[in-house]
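Participant: Submitted below is the structure of interest, expressed as structure tokens.
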Amino acid sequence: LVWSSDFETGVGALVLSDSVVLSDSRGRVVALDKQSGNQLWFNDLDTNILSKPVLVNGRIFVATHDDGAFLLDPANGDQVQKIGLGQGAV
């Protein structure tokens with residue numbers, strides 16, 4: 001084990017080439033440097049997250065409990081788009 005994190009992920013992780021992106025059910029998404037474990041960015045989406053983060057067309061996709069989803073920029077965690085998926089879509 002090279003490093004550890006106190007971030008409590010209840011949803012899952014996405015491993016990218018240079019970072020690990022973690023999310024939790026409370027709406028927090030964080031990227032950690034894969035080599036050092038240092039935080040690269042943090043985003044609080046202010047809604048409960050339903051799915052682990054996945055990479056879709058170069059964006060980080062997370063589905064939410066309110067029948068929506070967010071697309072985030074993997075470089076800085078900024079919200080690129082909020083998507084309404086409709087009831088029961090995820």
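Convention: chains lettered A, B, ... in structure tokens order; per-chain residue numbering from 1; ligands numbered from 1 as shown.
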Fewer than 5 positions away in the same chain doesn't count, so skip those; otherwise give me all residues within 9 Å of Leu40 (chain A), counting only C-alpha atoms, as a ChimeraX atom specification.

Facilitator: /A:19,30-33,75-77

Participant: So that I can see what lies close to region 1-6 of chain A, please list as a ChimeraX atom specification the residues with an atom at most 9 Å from it, counting only C-alpha atoms and leaving out residues fewer than 2 positions away in the same chain.

Facilitator: /A:8,32,35-38

Participant: Among the residues of region 19-83 of chain A, find those DSSP assigns to strand (DSSP E) from the backbone and print them as JSON, numbers by chain.

Facilitator: {"A": [19, 20, 21, 22, 23, 28, 29, 30, 31, 32, 33, 39, 40, 41, 42, 43, 44, 54, 55, 56, 59, 60, 61, 62, 63, 64, 68, 69, 70, 71, 72, 79, 80, 81, 82, 83]}

Participant: Could you name the residues that touch Phe70 (chain A) at 6 Å or less, counting only C-alpha atoms, but leaving out those on the same chain fewer than 5 positions away, as a ChimeraX atom specification?

Facilitator: /A:61-62,81-82

Participant: Calculated over only C-alpha atoms, which of the candidates A:Lys52, A:Leu72, A:Thr64, A:Arg26 has the smallest distance to Leu85 (chain A)?

Facilitator: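 The shortest atom-to-atom distance to Leu85 (chain A) comes from A:Thr64.
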
Participant: Neighbouring residues of Leu71 (chain A) were defined as those with any atom within 12 Å, considering only C-alpha atoms; residues of the same chain fewer than 3 positions away were excluded. Please report them as an NGL selection string.

Facilitator: :A and (29 or 43 or 45 or 53-64 or 68 or 74 or 76-84)

Participant: Can you write out the residues you just picked, keeping N, CA and C atoms, as a PDB file, in the first residue's frame?

Facilitator:
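Dumped to again-v3.pdb:
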```pdb
ATOM      1  N   VAL A  29     -17.674  14.081  -4.719  1.00  0.00           N
ATOM      2  CA  VAL A  29     -16.799  13.421  -5.689  1.00  0.00           C
ATOM      3  C   VAL A  29     -15.413  14.034  -5.519  1.00  0.00           C
ATOM      4  N   ASN A  43     -15.645  18.044  -5.570  1.00  0.00           N
ATOM      5  CA  ASN A  43     -16.904  18.646  -5.999  1.00  0.00           C
ATOM      6  C   ASN A  43     -18.021  18.067  -5.144  1.00  0.00           C
ATOM      7  N   LEU A  45     -21.839  17.749  -5.143  1.00  0.00           N
ATOM      8  CA  LEU A  45     -22.946  17.906  -6.090  1.00  0.00           C
ATOM      9  C   LEU A  45     -24.263  18.249  -5.412  1.00  0.00           C
ATOM     10  N   PRO A  53     -18.671   6.477 -10.134  1.00  0.00           N
ATOM     11  CA  PRO A  53     -18.306   7.278 -11.301  1.00  0.00           C
ATOM     12  C   PRO A  53     -17.798   6.391 -12.435  1.00  0.00           C
ATOM     13  N   VAL A  54     -18.197   6.718 -13.657  1.00  0.00           N
ATOM     14  CA  VAL A  54     -17.711   6.014 -14.841  1.00  0.00           C
ATOM     15  C   VAL A  54     -17.292   7.063 -15.876  1.00  0.00           C
ATOM     16  N   LEU A  55     -16.394   6.674 -16.761  1.00  0.00           N
ATOM     17  CA  LEU A  55     -15.937   7.568 -17.810  1.00  0.00           C
ATOM     18  C   LEU A  55     -16.765   7.336 -19.064  1.00  0.00           C
ATOM     19  N   VAL A  56     -17.405   8.407 -19.567  1.00  0.00           N
ATOM     20  CA  VAL A  56     -18.241   8.342 -20.756  1.00  0.00           C
ATOM     21  C   VAL A  56     -17.835   9.484 -21.684  1.00  0.00           C
ATOM     22  N   ASN A  57     -17.333   9.149 -22.853  1.00  0.00           N
ATOM     23  CA  ASN A  57     -16.926  10.164 -23.842  1.00  0.00           C
ATOM     24  C   ASN A  57     -16.033  11.241 -23.232  1.00  0.00           C
ATOM     25  N   GLY A  58     -15.081  10.827 -22.412  1.00  0.00           N
ATOM     26  CA  GLY A  58     -14.130  11.760 -21.844  1.00  0.00           C
ATOM     27  C   GLY A  58     -14.631  12.558 -20.648  1.00  0.00           C
ATOM     28  N   ARG A  59     -15.815  12.248 -20.160  1.00  0.00           N
ATOM     29  CA  ARG A  59     -16.392  12.935 -18.998  1.00  0.00           C
ATOM     30  C   ARG A  59     -16.703  11.922 -17.913  1.00  0.00           C
ATOM     31  N   ILE A  60     -16.673  12.375 -16.671  1.00  0.00           N
ATOM     32  CA  ILE A  60     -17.050  11.519 -15.549  1.00  0.00           C
ATOM     33  C   ILE A  60     -18.555  11.623 -15.373  1.00  0.00           C
ATOM     34  N   PHE A  61     -19.224  10.486 -15.387  1.00  0.00           N
ATOM     35  CA  PHE A  61     -20.684  10.401 -15.273  1.00  0.00           C
ATOM     36  C   PHE A  61     -21.031   9.808 -13.919  1.00  0.00           C
ATOM     37  N   VAL A  62     -21.913  10.486 -13.169  1.00  0.00           N
ATOM     38  CA  VAL A  62     -22.456   9.931 -11.931  1.00  0.00           C
ATOM     39  C   VAL A  62     -23.965  10.107 -11.941  1.00  0.00           C
ATOM     40  N   ALA A  63     -24.687   9.030 -11.659  1.00  0.00           N
ATOM     41  CA  ALA A  63     -26.148   9.073 -11.587  1.00  0.00           C
ATOM     42  C   ALA A  63     -26.560   9.425 -10.165  1.00  0.00           C
ATOM     43  N   THR A  64     -27.692  10.111 -10.038  1.00  0.00           N
ATOM     44  CA  THR A  64     -28.152  10.571  -8.737  1.00  0.00           C
ATOM     45  C   THR A  64     -29.513   9.967  -8.389  1.00  0.00           C
ATOM     46  N   GLY A  68     -31.483  11.862 -12.045  1.00  0.00           N
ATOM     47  CA  GLY A  68     -30.644  12.683 -12.896  1.00  0.00           C
ATOM     48  C   GLY A  68     -29.225  12.154 -12.917  1.00  0.00           C
ATOM     49  N   PRO A  74     -12.930  15.574 -15.972  1.00  0.00           N
ATOM     50  CA  PRO A  74     -11.969  14.812 -15.179  1.00  0.00           C
ATOM     51  C   PRO A  74     -10.702  15.594 -14.812  1.00  0.00           C
ATOM     52  N   ASN A  76     -10.598  18.804 -13.677  1.00  0.00           N
ATOM     53  CA  ASN A  76     -10.762  19.717 -12.545  1.00  0.00           C
ATOM     54  C   ASN A  76     -12.032  19.476 -11.724  1.00  0.00           C
ATOM     55  N   GLY A  77     -12.875  18.528 -12.128  1.00  0.00           N
ATOM     56  CA  GLY A  77     -14.085  18.208 -11.384  1.00  0.00           C
ATOM     57  C   GLY A  77     -15.239  19.154 -11.621  1.00  0.00           C
ATOM     58  N   ASP A  78     -15.054  20.143 -12.485  1.00  0.00           N
ATOM     59  CA  ASP A  78     -16.138  21.085 -12.757  1.00  0.00           C
ATOM     60  C   ASP A  78     -17.330  20.386 -13.406  1.00  0.00           C
ATOM     61  N   GLN A  79     -18.525  20.847 -13.041  1.00  0.00           N
ATOM     62  CA  GLN A  79     -19.746  20.309 -13.638  1.00  0.00           C
ATOM     63  C   GLN A  79     -19.846  20.789 -15.077  1.00  0.00           C
ATOM     64  N   VAL A  80     -19.917  19.843 -16.005  1.00  0.00           N
ATOM     65  CA  VAL A  80     -20.062  20.161 -17.416  1.00  0.00           C
ATOM     66  C   VAL A  80     -21.544  20.212 -17.785  1.00  0.00           C
ATOM     67  N   GLN A  81     -22.310  19.278 -17.217  1.00  0.00           N
ATOM     68  CA  GLN A  81     -23.726  19.200 -17.555  1.00  0.00           C
ATOM     69  C   GLN A  81     -24.487  18.465 -16.459  1.00  0.00           C
ATOM     70  N   LYS A  82     -25.720  18.900 -16.210  1.00  0.00           N
ATOM     71  CA  LYS A  82     -26.656  18.161 -15.354  1.00  0.00           C
ATOM     72  C   LYS A  82     -27.744  17.630 -16.272  1.00  0.00           C
ATOM     73  N   ILE A  83     -28.025  16.349 -16.147  1.00  0.00           N
ATOM     74  CA  ILE A  83     -28.943  15.685 -17.068  1.00  0.00           C
ATOM     75  C   ILE A  83     -30.143  15.160 -16.289  1.00  0.00           C
ATOM     76  N   GLY A  84     -31.333  15.425 -16.774  1.00  0.00           N
ATOM     77  CA  GLY A  84     -32.548  14.833 -16.218  1.00  0.00           C
ATOM     78  C   GLY A  84     -32.830  13.537 -16.968  1.00  0.00           C
TER      79      GLY A  84
END
```

Participant: So, counting only C-alpha atoms, which residue among A:Asp46, A:Trp41, A:Lys34, A:Ser51 is closest to Gly12 (chain A)?

Facilitator: A:Ser51

Participant: Excluding Gly27 (chain A) and its own-chain neighbours fewer than 2 positions away, which residues fall within 6 Å of it when counting only C-alpha atoms? Please give them as a VMD selection string.

Facilitator: chain A and resid 24 to 25 44 to 49

Participant: Keeping only N, CA and C atoms, take the residues you just selected and write them out as a compact mmCIF listing (two decimals), in the first residue's frame.

Facilitator:
```txt
# COMPACT_ATOMS: atom_id res chain seq x y z
N ASP A 24 -19.26 9.36 -3.02
CA ASP A 24 -20.02 8.78 -1.92
C ASP A 24 -21.50 9.08 -2.12
N SER A 25 -22.34 8.42 -1.35
CA SER A 25 -23.78 8.56 -1.53
C SER A 25 -24.29 9.95 -1.17
N ASP A 44 -18.80 18.94 -4.52
CA ASP A 44 -19.99 18.52 -3.77
C ASP A 44 -21.20 18.81 -4.65
N LEU A 45 -21.84 17.75 -5.14
CA LEU A 45 -22.95 17.91 -6.09
C LEU A 45 -24.26 18.25 -5.41
N ASP A 46 -24.30 18.23 -4.08
CA ASP A 46 -25.47 18.63 -3.31
C ASP A 46 -26.70 17.78 -3.62
N THR A 47 -26.48 16.50 -3.92
CA THR A 47 -27.56 15.54 -4.11
C THR A 47 -26.98 14.16 -3.87
N ASN A 48 -27.80 13.21 -3.57
CA ASN A 48 -27.32 11.85 -3.29
C ASN A 48 -26.93 11.14 -4.58
N ILE A 49 -25.77 10.49 -4.55
CA ILE A 49 -25.27 9.78 -5.73
C ILE A 49 -25.68 8.32 -5.66
```

Participant: So the first atom is CA of Asp66 (chain A) and the second is CA of Val21 (chain A); what is the distance between them in Å, to one decimal place?

Facilitator: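 Answer for the CA of Asp66 (chain A) to CA of Val21 (chain A) separation: 21.4 Å.
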